[in-house]
Amino acid sequence: MKLSALTAALPTGSITAPNGADTELPVTGLTADSRVVEPGNLFFALAGVKTDGARFAAQAASKGAVAIVAGEGAVLSGLTVPVLRAVDPRQALARAAAAFYGPQPRVMAAVTGTAGKTSVASFLRQIWANAGEQAAMLGTTGVTAPGRTEYGTLTTPDPVALHRLLAELASEGVTHAAMEASSHGLDQRRLDGVALSVAGFTNLGRDHMDYHTSMDDYMAAKMRLFDTLLPKGMPAVIFADDPWSEKAVEAAERAGARVLTVGRKGGFLSLKRVEHLRHKQVLEVHMEGRIFEVDLPLAGDFQVSNALVAAGIAIASGTSADQVMAALEHLTGASGRLELIGSTPQGAPAYVDYAHKPEALENVLEAVRPFTTGRVITVFGCGGDRDRGKRPIMGEIAMRLADVVIVTDDNPRSEDPASIRAEIMAAAPDATEIGDRATAIRTAVSMLGAGDTLIVAGKGHEEGQIIGEKVLPFSDHIEIRKALEELKA
Ligand SMILES: CC(=O)N[C@H]1[C@@H](OP(=O)(O)OP(=O)(O)OC[C@H]2O[C@@H](n3ccc(=O)[nH]c3=O)[C@H](O)[C@@H]2O)O[C@H](CO)[C@@H](O)[C@@H]1O[C@H](C)C(=O)N[C@@H](C)C(=O)N[C@H](CCC(=O)O)C(=O)O
Ligand SMILES: Nc1ncnc2c1ncn2[C@@H]1O[C@H](COP(=O)(O)OP(=O)(O)OP(=O)(O)O)[C@@H](O)[C@H]1O
Ligand SMILES: N[C@H](CCC[C@H](N)C(=O)O)C(=O)O
Ligand SMILES: [Mg+2]
């Protein structure tokens with residue numbers, strides 16, 4: 001693709017080439033990382049959290065970059081290749097990546113919110129697939145599409161990886177894709193080139209306060225999905241029962257979206273009744289004068305919310321309500337989201353859950369209480385190099401909602417694990433501290449009596465424990481299974 005064709009795909013005035021620059025040069029690829037530049041690439045110099053890409057422009061040029069795209073104020077010197085100036089270089093990268101890679105699945109849905117994104121995206125893929133569509137999902141757990149399952153690292157991939165993937169999916173025949181829009185992804189413009197047909201919002205709670213300056217700033221990043229990315233008049237499916245729902249509805253309406261609310265207070269899908277059984281829930285949902293009774297084969301109130309958001313998005317995308325409601329009866333939870341791993345010989349269940357933030361922990365501990373006649377036992381920790389403020393809050397929640405609390409390690413990264421645990425324990429003085437996560441799990445399993453429930457929270461689908469720079473293989477699933485086996489021996 002020629003440089004001129006790429007710049008022509010960007011909005012007028014958003015990028016300017018220097019006078020006399022040869023814009024007929026062919027561009028072989030795009031990147032924002034000088035370390036992977038290949039001859040003919042267009043290099044985007046982005047100001048980041050840790051460093052400034054402008055510092056690496058010369059390295060990119062020496063590796064064969066044909067031109068550099070930089071912010072209007074970025075200082076670059078000694079370059080022999082043209083420097084194009086962009087008003088918003090991250091947005092320019094996203095839009096250029098969309099133009100460079102081309103096709104995207106015809107129906108593109110993105111869901112945001114503090115908790116439930118992976119679950120909603122997974123449910124959407126399942127609903128579409130059940131209705132006979134070629135459907136994919138991409139997010140925290142990686143990519144799932146017909147004939148492919150790949151483990152991922154970021155919830156919302158960077159724009160180059162994202163558009164390469166969307167084009168591959170489209171060429172493989174995928175027509176419907178559900179993706180997660182993380183607040184980092186939205187803020188860093190990773191989705192700005194995606195041609196959205198529908199967007200969703202689950203809820204807002206404390207998270208990532210190391211990155212966003214306040215809850216309002218965090219909400220504003222999430223609302224970019226509606227006010228900047230979703231084309232006017234397209235459907236915005238919003239969960240109605242969250243404290244932040246009203247603000248989300250206002251933002252979407254202001255942006256000219258077609259707002260569809262779901263939940264107990266929902267106007268589009270209205271939840272009238274829920275009957276909680278041990279491993280399933282029976283829902284009565286009203287929609288435009290029709291009444292549906294749905295057997296949802298999942299535990300936990302929050303899964304009802306996620307199922308309704310997914311159902312609302314699927315219907316808004318054109319799948320019939322009958323097909324959607326029928327598909328809800330076959331949903332399986334995303335890996336590590338209140339996932340039953342096994343039970344003790346006395347029947348006490350052990351679950352893995354990905355709650356790694358306050359509201360999620362609160363929700364999952366509350367979700368298992370109705371079917372726990374004995375004690376709720378929980379094992380959890382907090383990640384290193386991430387929001388420190390959530391540590392005592394999660395300690396307090398665990399103390400209040402569980403009967404036995406074991407505080408352990410969860411990806412300490414560059415921090416001292418003992419001091420992370422101490423910050424949690426400051427608000428959970430009666431908790432037991434066991435740093436080694438496998439030992440913590442084994443101890444918790446050995447304590448399980450009849451009627452008890454175990455929640456091992458925080459790692460969900462993860463397959464490693466990040467200590468320093470190393471990722472050591474680790475799985476809550478495997479450790480729980482081993483501990484349950486030991487009980488039988
Ligand atoms: C804090 C954060 O979000 N960082 C993301 C961001 O990096 P950055 O641009 O700030 O990086 P930087 O290190 O300051 O470097 C600035 C620029 O210089 C470039 N550079 C740097 C060094 C060099 O030698 N040459 C070079 O060109 C970098 O490629 C970059 O373009 O943009 C990168 C490209 O999109 C991301 O890969 C990177 O994600 C890092 C790895 C990360 O851990 N992100 C997490 C926090 C994240 O995004 N999580 C969310 C949310 C999950 C949730 O909701 O729970 C997610 O979507 O996964
Ligand atoms: N609708 C919800 N309301 C509250 N808590 C929820 C909801 N959905 C999921 N959770 C909790 O959050 C955890 C993570 O769920 P999920 O992976 O679906 O969310 P996510 O938004 O993708 O999270 P992340 O940002 O970490 O990728 C679950 O294991 C559960 O504890
Ligand atoms: N076990 C985890 C969950 C991380 C979730 C992730 N999406 C993020 O906050 O970046 C940790 O704290 O390391
Ligand atoms: Mg997720």
# chains A, B, ... in the order shown; residues from 1 in each chain; ligands from 1
$ select_by_dssp --residues "region 118-286 of chain A" --states "alpha helix (DSSP H)" --output "ChimeraX atom specification"
/A:118-130,159-171,183-187,215-224,245-254
$ residues_near_ligand --ligand "ligand 3" --cutoff "9 Å" --atoms "only C-alpha atoms and all ligand atoms" --output "list in words"
Thr140, Leu154, Thr155, Ser182, Asp207, His208, Tyr354, Ala355, His356, Lys357, Gly381, Cys382, Gly383, Gly384, Asp385, Arg386, Asp387, Asp410, Asn411, Pro412, Arg413, Ala457, Gly458, Lys459, Gly460, Glu462, Gln465 and Ile466 of chain A
$ select_by_dssp --residues "region 96-251 of chain A" --states "strand (DSSP E or B)" --output "ChimeraX atom specification"
/A:107-112,135-139,142-145,148-150,176-180,198-201,235-239
$ residues_near_ligand --ligand "ligand 1" --cutoff "9 Å" --atoms "only C-alpha atoms and all ligand atoms" --output "MDAnalysis selection string"
chainID A and resid 31:37 43:57 59:60 90 112:115 117 139:140 153:160 180:190 207:208 211 356 386
$ write_last_selection --atoms "C-alpha atoms" --output "mmCIF file, in the first residue's frame"
data_model
loop_
_atom_site.group_PDB
_atom_site.id
_atom_site.type_symbol
_atom_site.label_atom_id
_atom_site.label_comp_id
_atom_site.auth_asym_id
_atom_site.auth_seq_id
_atom_site.Cartn_x
_atom_site.Cartn_y
_atom_site.Cartn_z
ATOM 1 C CA THR A 31 4.593 -0.516 13.874
ATOM 2 C CA ALA A 32 5.045 1.574 16.994
ATOM 3 C CA ASP A 33 7.964 -0.524 18.207
ATOM 4 C CA SER A 34 11.400 0.333 16.791
ATOM 5 C CA ARG A 35 12.705 -3.077 17.847
ATOM 6 C CA VAL A 36 10.570 -4.873 15.265
ATOM 7 C CA VAL A 37 10.824 -2.415 12.340
ATOM 8 C CA PHE A 43 7.027 3.870 12.243
ATOM 9 C CA PHE A 44 4.652 5.606 14.677
ATOM 10 C CA ALA A 45 6.508 7.429 17.460
ATOM 11 C CA LEU A 46 4.126 7.267 20.433
ATOM 12 C CA ALA A 47 4.513 8.947 23.808
ATOM 13 C CA GLY A 48 3.935 6.118 26.307
ATOM 14 C CA VAL A 49 3.692 5.461 30.015
ATOM 15 C CA LYS A 50 7.326 4.380 30.399
ATOM 16 C CA THR A 51 9.103 6.131 27.549
ATOM 17 C CA ASP A 52 8.633 8.177 24.380
ATOM 18 C CA GLY A 53 8.716 6.469 20.997
ATOM 19 C CA ALA A 54 10.257 9.651 19.521
ATOM 20 C CA ARG A 55 13.517 8.593 21.179
ATOM 21 C CA PHE A 56 13.595 5.544 18.915
ATOM 22 C CA ALA A 57 12.730 7.203 15.595
ATOM 23 C CA GLN A 59 16.726 3.552 15.260
ATOM 24 C CA ALA A 60 13.526 2.861 13.309
ATOM 25 C CA ARG A 90 -2.300 6.770 18.524
ATOM 26 C CA THR A 112 -16.778 -2.390 28.128
ATOM 27 C CA GLY A 113 -17.226 -2.233 31.901
ATOM 28 C CA THR A 114 -15.118 -3.057 34.939
ATOM 29 C CA ALA A 115 -16.345 -6.639 35.267
ATOM 30 C CA LYS A 117 -16.385 -8.125 29.576
ATOM 31 C CA GLY A 139 -10.233 -10.656 24.803
ATOM 32 C CA THR A 140 -8.485 -11.507 28.057
ATOM 33 C CA THR A 153 -1.883 -11.419 26.702
ATOM 34 C CA LEU A 154 -3.789 -8.135 26.459
ATOM 35 C CA THR A 155 -7.557 -7.744 26.904
ATOM 36 C CA THR A 156 -7.630 -5.335 23.959
ATOM 37 C CA PRO A 157 -4.710 -5.997 21.575
ATOM 38 C CA ASP A 158 -2.682 -3.133 20.116
ATOM 39 C CA PRO A 159 -4.155 -1.839 16.844
ATOM 40 C CA VAL A 160 -1.672 -3.520 14.512
ATOM 41 C CA GLU A 180 -13.531 -6.573 24.926
ATOM 42 C CA ALA A 181 -12.826 -2.882 25.190
ATOM 43 C CA SER A 182 -10.589 -2.330 28.228
ATOM 44 C CA SER A 183 -10.217 1.177 29.602
ATOM 45 C CA HIS A 184 -6.503 1.104 28.699
ATOM 46 C CA GLY A 185 -7.443 0.025 25.193
ATOM 47 C CA LEU A 186 -10.045 2.757 24.822
ATOM 48 C CA ASP A 187 -7.796 5.439 26.295
ATOM 49 C CA GLN A 188 -4.871 4.401 24.098
ATOM 50 C CA ARG A 189 -7.065 4.421 20.968
ATOM 51 C CA ARG A 190 -6.458 0.715 20.311
ATOM 52 C CA ASP A 207 -10.002 -0.738 39.088
ATOM 53 C CA HIS A 208 -6.817 0.571 37.510
ATOM 54 C CA TYR A 211 -3.526 4.447 35.540
ATOM 55 C CA HIS A 356 -9.149 -9.527 41.176
ATOM 56 C CA ARG A 386 -0.981 -2.704 39.829
#
$ residues_around --residues "Asn19 (chain A)" --least-positions-apart "2" --cutoff "10 Å" --atoms "only C-alpha atoms" --output "PyMOL selection string"
chain A and resi 16-17+21-22+82+84
$ write_last_selection --atoms "all heavy atoms" --output "compact mmCIF listing (two decimals), in the first residue's frame"
# COMPACT_ATOMS: atom_id res chain seq x y z
N THR A 16 -0.36 15.38 8.49
CA THR A 16 0.21 16.25 7.47
C THR A 16 1.59 15.74 7.08
O THR A 16 2.45 15.51 7.94
CB THR A 16 0.38 17.68 8.04
OG1 THR A 16 -0.78 18.00 8.79
CG2 THR A 16 0.59 18.71 6.94
N ALA A 17 1.78 15.57 5.75
CA ALA A 17 3.10 15.16 5.27
C ALA A 17 3.93 16.41 5.01
O ALA A 17 3.37 17.46 4.64
CB ALA A 17 2.95 14.35 3.99
N ALA A 21 7.65 15.73 0.35
CA ALA A 21 7.91 14.33 0.70
C ALA A 21 7.36 13.40 -0.37
O ALA A 21 6.32 13.70 -0.97
CB ALA A 21 7.25 14.01 2.04
N ASP A 22 8.07 12.30 -0.62
CA ASP A 22 7.61 11.34 -1.62
C ASP A 22 6.55 10.43 -0.98
O ASP A 22 6.89 9.48 -0.29
CB ASP A 22 8.81 10.53 -2.12
CG ASP A 22 8.37 9.48 -3.14
OD1 ASP A 22 7.17 9.48 -3.51
OD2 ASP A 22 9.22 8.66 -3.54
N PRO A 82 11.07 11.18 5.77
CA PRO A 82 10.06 12.18 6.09
C PRO A 82 9.36 11.93 7.43
O PRO A 82 9.17 10.77 7.81
CB PRO A 82 9.03 12.04 4.94
CG PRO A 82 9.53 11.00 4.03
CD PRO A 82 10.78 10.41 4.55
N LEU A 84 5.87 12.69 9.25
CA LEU A 84 4.50 13.17 9.13
C LEU A 84 4.00 13.53 10.52
O LEU A 84 4.31 12.84 11.48
CB LEU A 84 3.59 12.07 8.54
CG LEU A 84 3.78 11.77 7.05
CD1 LEU A 84 5.03 10.95 6.79
CD2 LEU A 84 2.57 11.02 6.52
$ atom_distance --atom1 "CA of Leu138 (chain A)" --atom2 "CA of Ala178 (chain A)"
6.5 Å
$ residues_around --residues "Leu25 (chain A)" --least-positions-apart "2" --cutoff "10 Å" --atoms "only C-alpha atoms" --output "short mmCIF file (atom, residue, chain, number, x, y, z; two decimals) with C-alpha atoms, in the first residue's frame"
data_model
loop_
_atom_site.label_atom_id
_atom_site.label_comp_id
_atom_site.auth_asym_id
_atom_site.auth_seq_id
_atom_site.Cartn_x
_atom_site.Cartn_y
_atom_site.Cartn_z
CA MET A 1 0.00 0.00 0.00
CA LYS A 2 1.28 3.47 -0.83
CA LEU A 3 1.89 6.05 1.90
CA SER A 4 -0.48 8.43 0.09
CA ALA A 5 -3.29 5.85 0.18
CA ALA A 21 7.91 14.33 0.70
CA ASP A 22 7.61 11.34 -1.62
CA THR A 23 4.23 9.96 -0.58
CA VAL A 27 4.55 0.88 2.90
CA THR A 28 5.23 -2.75 3.87
CA GLY A 40 9.58 -0.34 4.25
CA VAL A 66 10.24 4.69 5.08
CA ALA A 67 8.74 7.46 7.15
#
$ closest_residue --among "A:Val456, A:Ala326, A:Ala489, A:Leu338" --to "ligand 2" --atoms "only C-alpha atoms and all ligand atoms"
A:Leu338
$ closest_residue --among "A:Arg224, A:Arg264, A:Arg481, A:Lys280" --to "Glu329 (chain A)" --atoms "only C-alpha atoms"
A:Lys280
$ closest_residue --among "A:Ile313, A:Met234, A:Ala348, A:Leu361" --to "Val262 (chain A)" --atoms "only C-alpha atoms"
A:Ile313
